[in-house]
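The structure file target-v4.cif is reproduced below (mmCIF, C-alpha atoms).
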```cif
data_protein
loop_
_atom_site.group_PDB
_atom_site.id
_atom_site.type_symbol
_atom_site.label_atom_id
_atom_site.label_comp_id
_atom_site.auth_asym_id
_atom_site.auth_seq_id
_atom_site.Cartn_x
_atom_site.Cartn_y
_atom_site.Cartn_z
ATOM 1 C CA MET A 1 -23.599 -0.931 7.044
ATOM 2 C CA ALA A 2 -27.154 -0.388 5.954
ATOM 3 C CA THR A 3 -29.176 -3.458 5.146
ATOM 4 C CA TYR A 4 -31.836 -3.313 2.470
ATOM 5 C CA ALA A 5 -35.031 -5.244 2.170
ATOM 6 C CA MET A 6 -34.323 -8.142 -0.099
ATOM 7 C CA ARG A 7 -36.898 -9.258 -2.642
ATOM 8 C CA TYR A 8 -37.241 -12.864 -3.678
ATOM 9 C CA ALA A 9 -39.265 -14.022 -6.656
ATOM 10 C CA VAL A 10 -40.818 -17.478 -6.230
ATOM 11 C CA ILE A 11 -41.832 -18.600 -9.704
ATOM 12 C CA GLN A 12 -45.203 -20.282 -9.955
ATOM 13 C CA PHE A 13 -45.749 -22.650 -12.861
ATOM 14 C CA PRO A 14 -49.028 -24.443 -13.458
ATOM 15 C CA GLY A 15 -48.539 -27.464 -11.191
ATOM 16 C CA SER A 16 -46.051 -25.911 -8.761
ATOM 17 C CA ASN A 17 -47.072 -26.934 -5.245
ATOM 18 C CA CYS A 18 -44.235 -25.811 -2.957
ATOM 19 C CA ASP A 19 -44.457 -22.145 -3.950
ATOM 20 C CA THR A 20 -46.268 -20.909 -0.857
ATOM 21 C CA ASP A 21 -44.080 -23.092 1.398
ATOM 22 C CA CYS A 22 -41.021 -21.377 -0.100
ATOM 23 C CA GLN A 23 -42.641 -17.980 0.291
ATOM 24 C CA ALA A 24 -43.449 -18.662 3.961
ATOM 25 C CA ALA A 25 -39.963 -20.025 4.688
ATOM 26 C CA LEU A 26 -38.282 -16.985 3.087
ATOM 27 C CA ALA A 27 -40.611 -14.488 4.771
ATOM 28 C CA SER A 28 -39.518 -15.888 8.149
ATOM 29 C CA PHE A 29 -36.094 -14.262 7.639
ATOM 30 C CA PRO A 30 -35.754 -10.633 8.726
ATOM 31 C CA GLY A 31 -35.537 -8.116 5.874
ATOM 32 C CA VAL A 32 -36.748 -10.566 3.252
ATOM 33 C CA GLU A 33 -39.804 -10.181 1.047
ATOM 34 C CA ALA A 34 -40.942 -13.068 -1.118
ATOM 35 C CA GLU A 35 -43.452 -12.708 -3.916
ATOM 36 C CA ILE A 36 -45.083 -15.329 -6.074
ATOM 37 C CA VAL A 37 -44.434 -14.564 -9.752
ATOM 38 C CA TRP A 38 -46.607 -16.250 -12.389
ATOM 39 C CA HIS A 39 -44.682 -18.034 -15.128
ATOM 40 C CA LYS A 40 -46.203 -15.870 -17.880
ATOM 41 C CA GLU A 41 -44.416 -12.792 -16.549
ATOM 42 C CA THR A 42 -41.428 -11.663 -18.563
ATOM 43 C CA SER A 43 -39.293 -9.573 -16.200
ATOM 44 C CA LEU A 44 -37.492 -10.283 -12.940
ATOM 45 C CA ALA A 45 -35.501 -7.044 -12.928
ATOM 46 C CA GLU A 46 -36.868 -5.928 -9.552
ATOM 47 C CA TYR A 47 -35.861 -9.070 -7.664
ATOM 48 C CA ASP A 48 -32.618 -9.884 -5.874
ATOM 49 C CA ALA A 49 -32.945 -13.654 -5.971
ATOM 50 C CA ILE A 50 -35.126 -16.263 -7.662
ATOM 51 C CA VAL A 51 -36.543 -19.571 -6.453
ATOM 52 C CA LEU A 52 -37.982 -22.239 -8.740
ATOM 53 C CA PRO A 53 -40.083 -24.261 -6.294
ATOM 54 C CA GLY A 54 -41.015 -27.918 -6.271
ATOM 55 C CA GLY A 55 -44.151 -29.497 -7.624
ATOM 56 C CA PHE A 56 -45.299 -31.040 -10.861
ATOM 57 C CA SER A 57 -45.116 -28.286 -13.455
ATOM 58 C CA TYR A 58 -47.348 -29.138 -16.418
ATOM 59 C CA GLY A 59 -48.193 -32.419 -14.692
ATOM 60 C CA ASP A 60 -44.675 -33.704 -15.434
ATOM 61 C CA TYR A 61 -45.958 -34.321 -18.982
ATOM 62 C CA LEU A 62 -43.348 -35.455 -21.503
ATOM 63 C CA ARG A 63 -40.483 -35.194 -18.945
ATOM 64 C CA CYS A 64 -40.225 -33.406 -15.609
ATOM 65 C CA GLY A 65 -39.570 -29.734 -16.296
ATOM 66 C CA SER A 66 -39.448 -30.134 -20.076
ATOM 67 C CA ILE A 67 -42.429 -27.872 -20.789
ATOM 68 C CA ALA A 68 -41.871 -25.366 -17.956
ATOM 69 C CA ARG A 69 -38.433 -24.773 -19.404
ATOM 70 C CA PHE A 70 -40.118 -22.936 -22.302
ATOM 71 C CA SER A 71 -42.358 -20.741 -20.097
ATOM 72 C CA PRO A 72 -42.012 -16.990 -20.819
ATOM 73 C CA ILE A 73 -40.446 -16.315 -17.392
ATOM 74 C CA MET A 74 -37.522 -18.618 -18.174
ATOM 75 C CA THR A 75 -36.018 -16.033 -20.535
ATOM 76 C CA ALA A 76 -35.884 -13.651 -17.573
ATOM 77 C CA VAL A 77 -34.492 -16.398 -15.295
ATOM 78 C CA ARG A 78 -31.788 -17.122 -17.854
ATOM 79 C CA HIS A 79 -30.926 -13.429 -18.130
ATOM 80 C CA ALA A 80 -30.821 -12.999 -14.346
ATOM 81 C CA ALA A 81 -28.598 -16.074 -13.982
ATOM 82 C CA SER A 82 -26.210 -14.683 -16.600
ATOM 83 C CA THR A 83 -25.836 -11.477 -14.580
ATOM 84 C CA GLY A 84 -24.996 -13.331 -11.359
ATOM 85 C CA VAL A 85 -28.398 -13.196 -9.637
ATOM 86 C CA LEU A 86 -28.849 -16.161 -7.276
ATOM 87 C CA VAL A 87 -31.201 -18.806 -8.654
ATOM 88 C CA LEU A 88 -32.308 -21.736 -6.472
ATOM 89 C CA GLY A 89 -34.188 -24.696 -7.944
ATOM 90 C CA ILE A 90 -35.769 -27.138 -5.521
ATOM 91 C CA CYS A 91 -36.916 -30.589 -6.681
ATOM 92 C CA ASN A 92 -39.034 -29.832 -9.780
ATOM 93 C CA GLY A 93 -37.161 -26.505 -9.890
ATOM 94 C CA PHE A 94 -33.890 -28.460 -10.141
ATOM 95 C CA GLN A 95 -35.388 -30.550 -12.951
ATOM 96 C CA ILE A 96 -36.441 -27.367 -14.786
ATOM 97 C CA LEU A 97 -32.945 -25.830 -14.414
ATOM 98 C CA CYS A 98 -31.409 -28.988 -15.908
ATOM 99 C CA GLU A 99 -33.893 -29.057 -18.792
ATOM 100 C CA ALA A 100 -33.173 -25.366 -19.401
ATOM 101 C CA GLY A 101 -29.451 -26.056 -19.569
ATOM 102 C CA LEU A 102 -28.727 -23.729 -16.625
ATOM 103 C CA LEU A 103 -27.333 -26.765 -14.781
ATOM 104 C CA PRO A 104 -25.635 -29.751 -16.442
ATOM 105 C CA GLY A 105 -26.995 -33.297 -16.472
ATOM 106 C CA THR A 106 -30.522 -34.492 -15.878
ATOM 107 C CA LEU A 107 -32.779 -36.170 -13.296
ATOM 108 C CA MET A 108 -34.107 -39.571 -14.243
ATOM 109 C CA ARG A 109 -36.622 -42.043 -12.846
ATOM 110 C CA ASN A 110 -35.597 -43.281 -9.389
ATOM 111 C CA ARG A 111 -33.731 -46.557 -9.220
ATOM 112 C CA GLY A 112 -36.330 -48.991 -7.870
ATOM 113 C CA LEU A 113 -39.097 -46.882 -9.461
ATOM 114 C CA LEU A 114 -40.521 -45.812 -6.090
ATOM 115 C CA PHE A 115 -41.605 -42.277 -5.298
ATOM 116 C CA ARG A 116 -39.416 -41.565 -2.253
ATOM 117 C CA CYS A 117 -41.028 -39.373 0.403
ATOM 118 C CA GLU A 118 -38.841 -39.448 3.524
ATOM 119 C CA HIS A 119 -36.126 -37.666 5.475
ATOM 120 C CA ARG A 120 -32.570 -38.124 4.248
ATOM 121 C CA HIS A 121 -29.139 -37.102 5.422
ATOM 122 C CA LEU A 122 -27.115 -34.848 3.164
ATOM 123 C CA ARG A 123 -23.402 -34.120 3.410
ATOM 124 C CA VAL A 124 -22.267 -30.606 2.590
ATOM 125 C CA GLU A 125 -19.443 -31.034 0.076
ATOM 126 C CA SER A 126 -18.377 -27.413 -0.195
ATOM 127 C CA SER A 127 -19.096 -24.260 1.751
ATOM 128 C CA GLU A 128 -17.713 -22.207 -1.121
ATOM 129 C CA SER A 129 -20.997 -21.193 -2.674
ATOM 130 C CA PRO A 130 -23.639 -18.556 -1.998
ATOM 131 C CA PHE A 131 -25.975 -21.407 -1.007
ATOM 132 C CA THR A 132 -23.763 -23.176 1.542
ATOM 133 C CA SER A 133 -21.601 -20.361 2.917
ATOM 134 C CA ALA A 134 -23.345 -20.552 6.306
ATOM 135 C CA LEU A 135 -22.356 -24.236 6.536
ATOM 136 C CA GLU A 136 -19.078 -26.106 6.900
ATOM 137 C CA GLN A 137 -17.785 -28.746 4.521
ATOM 138 C CA GLY A 138 -18.693 -32.116 6.074
ATOM 139 C CA ASP A 139 -21.786 -30.844 7.892
ATOM 140 C CA VAL A 140 -24.665 -33.324 7.765
ATOM 141 C CA LEU A 141 -28.173 -31.948 7.156
ATOM 142 C CA ASP A 142 -31.454 -33.742 7.722
ATOM 143 C CA LEU A 143 -33.787 -32.753 4.880
ATOM 144 C CA PRO A 144 -36.956 -34.281 3.448
ATOM 145 C CA ILE A 145 -37.089 -35.586 -0.113
ATOM 146 C CA ALA A 146 -40.247 -36.214 -2.148
ATOM 147 C CA HIS A 147 -39.666 -37.254 -5.735
ATOM 148 C CA GLY A 148 -40.072 -39.984 -8.314
ATOM 149 C CA GLU A 149 -37.492 -38.619 -10.745
ATOM 150 C CA GLY A 150 -34.427 -37.627 -8.737
ATOM 151 C CA SER A 151 -31.736 -39.928 -10.038
ATOM 152 C CA TYR A 152 -29.002 -37.544 -11.110
ATOM 153 C CA PHE A 153 -27.231 -38.462 -14.325
ATOM 154 C CA ALA A 154 -24.511 -36.774 -16.342
ATOM 155 C CA ASP A 155 -21.910 -38.162 -18.719
ATOM 156 C CA LYS A 156 -18.358 -38.864 -17.546
ATOM 157 C CA GLU A 157 -16.866 -35.575 -18.748
ATOM 158 C CA VAL A 158 -19.578 -33.518 -17.050
ATOM 159 C CA LEU A 159 -19.213 -35.515 -13.839
ATOM 160 C CA LYS A 160 -15.455 -35.018 -13.878
ATOM 161 C CA ALA A 161 -15.863 -31.275 -14.381
ATOM 162 C CA LEU A 162 -18.447 -31.055 -11.570
ATOM 163 C CA ASN A 163 -16.022 -32.727 -9.162
ATOM 164 C CA GLN A 164 -12.992 -30.748 -10.316
ATOM 165 C CA ASN A 165 -14.801 -27.430 -9.905
ATOM 166 C CA ASN A 166 -16.371 -28.361 -6.561
ATOM 167 C CA GLN A 167 -19.852 -27.946 -8.061
ATOM 168 C CA VAL A 168 -21.364 -30.851 -6.126
ATOM 169 C CA LEU A 169 -22.697 -29.166 -2.987
ATOM 170 C CA LEU A 170 -24.768 -31.988 -1.443
ATOM 171 C CA ARG A 171 -24.534 -35.784 -1.462
ATOM 172 C CA TYR A 172 -26.869 -38.330 0.132
ATOM 173 C CA CYS A 173 -25.123 -39.886 3.140
ATOM 174 C CA ASP A 174 -25.650 -41.820 6.360
ATOM 175 C CA ALA A 175 -26.357 -40.105 9.683
ATOM 176 C CA ASP A 176 -22.618 -40.011 10.362
ATOM 177 C CA GLY A 177 -21.823 -38.421 6.996
ATOM 178 C CA THR A 178 -20.629 -41.546 5.169
ATOM 179 C CA VAL A 179 -21.568 -41.490 1.497
ATOM 180 C CA SER A 180 -22.624 -45.045 0.609
ATOM 181 C CA ASP A 181 -24.896 -46.858 -1.800
ATOM 182 C CA GLU A 182 -27.269 -47.698 1.080
ATOM 183 C CA ALA A 183 -27.679 -43.976 1.712
ATOM 184 C CA ASN A 184 -28.592 -43.337 -1.932
ATOM 185 C CA PRO A 185 -32.400 -43.158 -2.194
ATOM 186 C CA ASN A 186 -32.731 -42.937 -5.960
ATOM 187 C CA GLY A 187 -29.639 -44.174 -7.777
ATOM 188 C CA SER A 188 -28.095 -40.750 -8.338
ATOM 189 C CA LEU A 189 -24.552 -40.957 -9.724
ATOM 190 C CA GLU A 190 -22.035 -40.554 -6.904
ATOM 191 C CA ASN A 191 -24.947 -39.879 -4.496
ATOM 192 C CA ILE A 192 -25.354 -36.401 -5.965
ATOM 193 C CA ALA A 193 -28.284 -34.519 -4.418
ATOM 194 C CA GLY A 194 -27.425 -30.943 -5.361
ATOM 195 C CA ILE A 195 -25.105 -29.133 -7.773
ATOM 196 C CA CYS A 196 -24.290 -25.525 -8.571
ATOM 197 C CA SER A 197 -23.402 -23.917 -11.878
ATOM 198 C CA HIS A 198 -19.835 -23.186 -12.931
ATOM 199 C CA GLY A 199 -20.446 -19.566 -11.939
ATOM 200 C CA ARG A 200 -21.795 -20.868 -8.573
ATOM 201 C CA ASN A 201 -24.889 -18.600 -8.627
ATOM 202 C CA VAL A 202 -27.362 -21.275 -9.783
ATOM 203 C CA PHE A 203 -28.076 -24.160 -7.400
ATOM 204 C CA GLY A 204 -30.387 -27.118 -7.863
ATOM 205 C CA LEU A 205 -31.190 -29.741 -5.253
ATOM 206 C CA MET A 206 -33.738 -32.538 -4.918
ATOM 207 C CA PRO A 207 -34.336 -32.226 -1.122
ATOM 208 C CA HIS A 208 -36.783 -29.629 0.210
ATOM 209 C CA PRO A 209 -35.054 -27.144 2.563
ATOM 210 C CA GLU A 210 -38.214 -24.994 2.709
ATOM 211 C CA ARG A 211 -40.041 -27.792 4.554
ATOM 212 C CA VAL A 212 -37.618 -27.706 7.503
ATOM 213 C CA CYS A 213 -37.389 -24.016 8.344
ATOM 214 C CA ASP A 214 -39.620 -24.031 11.426
ATOM 215 C CA PRO A 215 -39.218 -26.192 14.570
ATOM 216 C CA MET A 216 -42.994 -26.731 14.509
ATOM 217 C CA LEU A 217 -42.575 -28.586 11.200
ATOM 218 C CA GLY A 218 -39.985 -30.983 12.547
ATOM 219 C CA GLY A 219 -36.647 -29.321 11.892
ATOM 220 C CA ILE A 220 -34.700 -26.228 10.918
ATOM 221 C CA ASP A 221 -31.886 -27.765 8.872
ATOM 222 C CA GLY A 222 -33.184 -26.029 5.745
ATOM 223 C CA ARG A 223 -32.585 -22.566 7.148
ATOM 224 C CA ALA A 224 -28.819 -22.590 6.591
ATOM 225 C CA ILE A 225 -29.307 -22.780 2.807
ATOM 226 C CA PHE A 226 -31.640 -19.778 2.728
ATOM 227 C CA GLN A 227 -29.479 -17.948 5.278
ATOM 228 C CA SER A 228 -26.452 -18.438 3.009
ATOM 229 C CA MET A 229 -28.374 -17.038 0.021
ATOM 230 C CA ILE A 230 -29.633 -14.076 2.020
ATOM 231 C CA ASP A 231 -26.138 -13.282 3.333
ATOM 232 C CA GLY A 232 -24.836 -13.512 -0.239
ATOM 233 C CA ALA A 233 -27.556 -11.342 -1.726
ATOM 234 C CA PHE A 234 -27.122 -8.691 0.983
ATOM 235 C CA ALA A 235 -23.374 -8.728 0.334
ATOM 236 C CA MET A 236 -24.027 -8.203 -3.393
ATOM 237 C CA GLN A 237 -26.478 -5.377 -2.656
ATOM 238 C CA ALA A 238 -23.936 -3.677 -0.448
ATOM 239 C CA GLN A 239 -21.561 -3.540 -3.423
ATOM 240 C CA LEU A 240 -24.129 -1.992 -5.767
ATOM 241 C CA PRO A 241 -24.310 1.775 -6.113
ATOM 242 C CA ARG A 242 -27.528 3.108 -4.652
ATOM 243 C CA MET B 1 -47.874 -33.283 -42.706
ATOM 244 C CA LYS B 2 -47.999 -36.386 -40.504
ATOM 245 C CA ALA B 3 -44.937 -37.465 -38.598
ATOM 246 C CA VAL B 4 -43.938 -39.786 -35.770
ATOM 247 C CA VAL B 5 -41.130 -39.051 -33.326
ATOM 248 C CA THR B 6 -39.801 -42.064 -31.449
ATOM 249 C CA VAL B 7 -37.822 -41.231 -28.315
ATOM 250 C CA MET B 8 -35.688 -43.944 -26.693
ATOM 251 C CA PRO B 9 -33.264 -43.973 -23.769
ATOM 252 C CA LYS B 10 -29.673 -44.042 -25.046
ATOM 253 C CA PRO B 11 -28.176 -47.560 -25.104
ATOM 254 C CA ALA B 12 -25.804 -46.841 -22.194
ATOM 255 C CA ILE B 13 -28.579 -45.543 -19.929
ATOM 256 C CA LEU B 14 -30.179 -47.876 -17.396
ATOM 257 C CA ASP B 15 -33.943 -47.992 -17.909
ATOM 258 C CA PRO B 16 -35.403 -49.216 -14.585
ATOM 259 C CA ALA B 17 -38.971 -49.273 -15.930
ATOM 260 C CA GLY B 18 -37.788 -51.458 -18.823
ATOM 261 C CA VAL B 19 -35.995 -53.818 -16.429
ATOM 262 C CA ALA B 20 -39.093 -54.149 -14.211
ATOM 263 C CA THR B 21 -41.299 -54.781 -17.252
ATOM 264 C CA GLY B 22 -38.851 -57.411 -18.508
ATOM 265 C CA ARG B 23 -39.105 -59.207 -15.171
ATOM 266 C CA ALA B 24 -42.901 -59.175 -15.445
ATOM 267 C CA MET B 25 -42.611 -60.746 -18.913
ATOM 268 C CA GLU B 26 -40.476 -63.544 -17.443
ATOM 269 C CA HIS B 27 -43.043 -63.947 -14.681
ATOM 270 C CA LEU B 28 -45.680 -64.496 -17.401
ATOM 271 C CA GLY B 29 -43.605 -67.293 -18.860
ATOM 272 C CA LEU B 30 -41.658 -65.542 -21.615
ATOM 273 C CA LYS B 31 -38.235 -67.160 -21.636
ATOM 274 C CA GLY B 32 -34.884 -65.643 -22.583
ATOM 275 C CA VAL B 33 -35.747 -61.960 -22.110
ATOM 276 C CA ARG B 34 -32.486 -60.159 -22.886
ATOM 277 C CA SER B 35 -33.532 -56.536 -22.805
ATOM 278 C CA VAL B 36 -36.645 -54.376 -22.545
ATOM 279 C CA ARG B 37 -36.368 -50.654 -23.229
ATOM 280 C CA ILE B 38 -39.265 -48.241 -22.833
ATOM 281 C CA GLY B 39 -39.516 -45.065 -24.876
ATOM 282 C CA LYS B 40 -42.200 -42.796 -26.269
ATOM 283 C CA SER B 41 -43.919 -42.453 -29.583
ATOM 284 C CA ILE B 42 -45.280 -39.014 -30.447
ATOM 285 C CA GLU B 43 -47.621 -38.633 -33.406
ATOM 286 C CA ILE B 44 -47.808 -35.193 -34.960
ATOM 287 C CA GLU B 45 -50.155 -33.711 -37.527
ATOM 288 C CA VAL B 46 -49.139 -30.232 -38.570
ATOM 289 C CA ASP B 47 -49.849 -27.801 -41.389
ATOM 290 C CA GLY B 48 -47.035 -26.021 -43.138
ATOM 291 C CA ALA B 49 -44.048 -27.243 -41.102
ATOM 292 C CA ASP B 50 -40.795 -28.313 -42.678
ATOM 293 C CA GLU B 51 -38.698 -31.277 -41.641
ATOM 294 C CA ASN B 52 -35.959 -29.110 -40.108
ATOM 295 C CA GLN B 53 -38.450 -27.479 -37.762
ATOM 296 C CA LEU B 54 -39.657 -30.895 -36.618
ATOM 297 C CA HIS B 55 -36.061 -31.987 -35.987
ATOM 298 C CA GLU B 56 -35.571 -28.892 -33.857
ATOM 299 C CA ILE B 57 -38.733 -29.627 -31.860
ATOM 300 C CA ALA B 58 -37.763 -33.286 -31.449
ATOM 301 C CA HIS B 59 -34.296 -32.320 -30.229
ATOM 302 C CA ASP B 60 -35.205 -29.388 -27.964
ATOM 303 C CA LEU B 61 -38.594 -30.412 -26.556
ATOM 304 C CA LEU B 62 -39.576 -34.002 -27.245
ATOM 305 C CA SER B 63 -36.285 -35.597 -26.192
ATOM 306 C CA ASN B 64 -33.568 -34.863 -23.661
ATOM 307 C CA PRO B 65 -30.310 -35.272 -25.600
ATOM 308 C CA VAL B 66 -28.413 -36.012 -22.368
ATOM 309 C CA VAL B 67 -30.096 -39.398 -22.003
ATOM 310 C CA GLU B 68 -32.365 -39.946 -25.023
ATOM 311 C CA ASP B 69 -32.140 -40.367 -28.792
ATOM 312 C CA TYR B 70 -34.991 -39.561 -31.156
ATOM 313 C CA LYS B 71 -35.980 -40.739 -34.605
ATOM 314 C CA LEU B 72 -38.205 -38.630 -36.828
ATOM 315 C CA THR B 73 -40.294 -40.404 -39.446
ATOM 316 C CA ILE B 74 -42.362 -38.374 -41.912
ATOM 317 C CA LEU B 75 -45.460 -40.401 -42.789
ATOM 318 C CA SER B 76 -47.102 -38.086 -45.318
#
```
What does this structure look like when you write it as structure tokens?
Amino acid sequence: MATYAMRYAVIQFPGSNCDTDCQAALASFPGVEAEIVWHKETSLAEYDAIVLPGGFSYGDYLRCGSIARFSPIMTAVRHAASTGVLVLGICNGFQILCEAGLLPGTLMRNRGLLFRCEHRHLRVESSESPFTSALEQGDVLDLPIAHGEGSYFADKEVLKALNQNNQVLLRYCDADGTVSDEANPNGSLENIAGICSHGRNVFGLMPHPERVCDPMLGGIDGRAIFQSMIDGAFAMQAQLPR
Amino acid sequence: MKAVVTVMPKPAILDPAGVATGRAMEHLGLKGVRSVRIGKSIEIEVDGADENQLHEIAHDLLSNPVVEDYKLTILS
């Protein structure tokens, strides 16, 4: 089977600061191109997958992600998501996806009010997604977090639906995979660290997988998430008429 | 037109900044602090807008309906 070069768009908002990290992490995978796309652009038709990187878009003014959500590029992100294109939101990108309504719930001020910048263990709750297919349910990842507003909140009905549909992909846990309140760095409901959309092609997570994609940077646990996406996008490409 | 939009966390939502501020008030000697809630007040001066447009803006941009309520007051 022929493999095609895969093109990622990494959206750059004013205040994004993990955009080039994401680009570098993606470019380390064979066959992958990653381009920075400015938020004023209006089309993403030529890209196979989209990343909304971390940072402080618009200085986190008003609420995290609340202004970026109205950037011109978000119309194209919304359209791409509706056609099944993979969309990954990391940290501020997750906050933007929630504000945009592409993922349910919201991310609030951390319990304890501290900005948490540290490594955390994450339990993979489902391998049935294009973002976790290279992992097994129950796997424990070691990923860095760096946020002040990462406390996931959704109302009871939304939470119930997320659990019923297996949309929670990552939970904060101990080193042995036990999900406990001690392992919860920010007060997220049910230790939720990452969720996917009902259609499973939009994924938001607070931890930063792009920061642990090279042994020189202290770990490679982030690679499995990108590898899953790349496998998924190649599989989708293989189905498309050329 | 002059208007003020007040945005507050919904009653059921824990407001950790409010709790911390309440503790500081007790530390300063204020007794019987039952609740402190922190929100935002946004003052707007705008030409030619109607009230419905401002409600839309308050709902879609200025507040997050998942966790916040807003109140729009037209001043003049």
Interface, chain B side, toward chain A (10 Å; all atoms listed in the file) as a VMD selection string: chain B and resid 13 to 17 19 to 20 40 42 60 to 67
Output file for the selection above: C-alpha atoms, as a PDB file, in the frame of the given file:
```pdb
ATOM      1  CA  ILE B  13     -28.579 -45.543 -19.929  1.00  0.00           C
ATOM      2  CA  LEU B  14     -30.179 -47.876 -17.396  1.00  0.00           C
ATOM      3  CA  ASP B  15     -33.943 -47.992 -17.909  1.00  0.00           C
ATOM      4  CA  PRO B  16     -35.403 -49.216 -14.585  1.00  0.00           C
ATOM      5  CA  ALA B  17     -38.971 -49.273 -15.930  1.00  0.00           C
ATOM      6  CA  VAL B  19     -35.995 -53.818 -16.429  1.00  0.00           C
ATOM      7  CA  ALA B  20     -39.093 -54.149 -14.211  1.00  0.00           C
ATOM      8  CA  LYS B  40     -42.200 -42.796 -26.269  1.00  0.00           C
ATOM      9  CA  ILE B  42     -45.280 -39.014 -30.447  1.00  0.00           C
ATOM     10  CA  ASP B  60     -35.205 -29.388 -27.964  1.00  0.00           C
ATOM     11  CA  LEU B  61     -38.594 -30.412 -26.556  1.00  0.00           C
ATOM     12  CA  LEU B  62     -39.576 -34.002 -27.245  1.00  0.00           C
ATOM     13  CA  SER B  63     -36.285 -35.597 -26.192  1.00  0.00           C
ATOM     14  CA  ASN B  64     -33.568 -34.863 -23.661  1.00  0.00           C
ATOM     15  CA  PRO B  65     -30.310 -35.272 -25.600  1.00  0.00           C
ATOM     16  CA  VAL B  66     -28.413 -36.012 -22.368  1.00  0.00           C
ATOM     17  CA  VAL B  67     -30.096 -39.398 -22.003  1.00  0.00           C
TER      18      VAL B  67
END
```
Assuming the chain letters and numbering stay as they are in my file, what does the PyMOL selection byres ((chain A and resi 115) around 10) actually select? List them as a CSV table (one decimal) with C-alpha atoms, keeping the file's coordinate frame.
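Contents of the output file result_11.csv:
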```
chain,number,residue,atom,x,y,z
A,109,ARG,CA,-36.6,-42.0,-12.8
A,110,ASN,CA,-35.6,-43.3,-9.4
A,111,ARG,CA,-33.7,-46.6,-9.2
A,112,GLY,CA,-36.3,-49.0,-7.9
A,113,LEU,CA,-39.1,-46.9,-9.5
A,114,LEU,CA,-40.5,-45.8,-6.1
A,116,ARG,CA,-39.4,-41.6,-2.3
A,117,CYS,CA,-41.0,-39.4,0.4
A,118,GLU,CA,-38.8,-39.4,3.5
A,145,ILE,CA,-37.1,-35.6,-0.1
A,146,ALA,CA,-40.2,-36.2,-2.1
A,147,HIS,CA,-39.7,-37.3,-5.7
A,148,GLY,CA,-40.1,-40.0,-8.3
A,149,GLU,CA,-37.5,-38.6,-10.7
A,150,GLY,CA,-34.4,-37.6,-8.7
A,185,PRO,CA,-32.4,-43.2,-2.2
A,186,ASN,CA,-32.7,-42.9,-6.0
```
Show me, as a JSON list (two decimals) with C-alpha atoms, in the coordinates of the input, the residues that have an atom within 8 Å of A:Asp221 when counting all atoms listed in the file, minus same-chain residues fewer than 6 positions from it.
```json
[["chain", "number", "residue", "atom", "x", "y", "z"],
["A", 141, "LEU", "CA", -28.17, -31.95, 7.16],
["A", 142, "ASP", "CA", -31.45, -33.74, 7.72],
["A", 143, "LEU", "CA", -33.79, -32.75, 4.88],
["A", 209, "PRO", "CA", -35.05, -27.14, 2.56],
["A", 212, "VAL", "CA", -37.62, -27.71, 7.50],
["A", 213, "CYS", "CA", -37.39, -24.02, 8.34]]
```
Close residues, A:Pro30 itself excluded, 10 Å, all atoms listed in the file, min 2 positions apart in chain, as a CSV table (one decimal) with C-alpha atoms, in the coordinates of the input:
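Dumped everything to part17.csv:
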```csv
chain,number,residue,atom,x,y,z
A,5,ALA,CA,-35.0,-5.2,2.2
A,6,MET,CA,-34.3,-8.1,-0.1
A,26,LEU,CA,-38.3,-17.0,3.1
A,27,ALA,CA,-40.6,-14.5,4.8
A,28,SER,CA,-39.5,-15.9,8.1
A,32,VAL,CA,-36.7,-10.6,3.3
A,33,GLU,CA,-39.8,-10.2,1.0
A,230,ILE,CA,-29.6,-14.1,2.0
```
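When you apply the PyMOL selection byres ((chain A and resi 158-166) around 9) to this structure, what comes back is Pro104, Gly105, Glu125, Ser126, Glu128, Phe153, Ala154, Asp155, Lys156, Glu157, Gln167, Val168, Leu169, Leu189, Ile195, Cys196, Ser197 and His198 of chain A.
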Near-stretch 81-95 of chain A list (8 Å; only C-alpha atoms; drop same-chain fewer than 2 positions) as a VMD selection string: chain A and resid 48 to 57 64 to 65 77 to 79 97 to 99 106 to 107 130 146 to 147 150 199 201 to 208 229 233
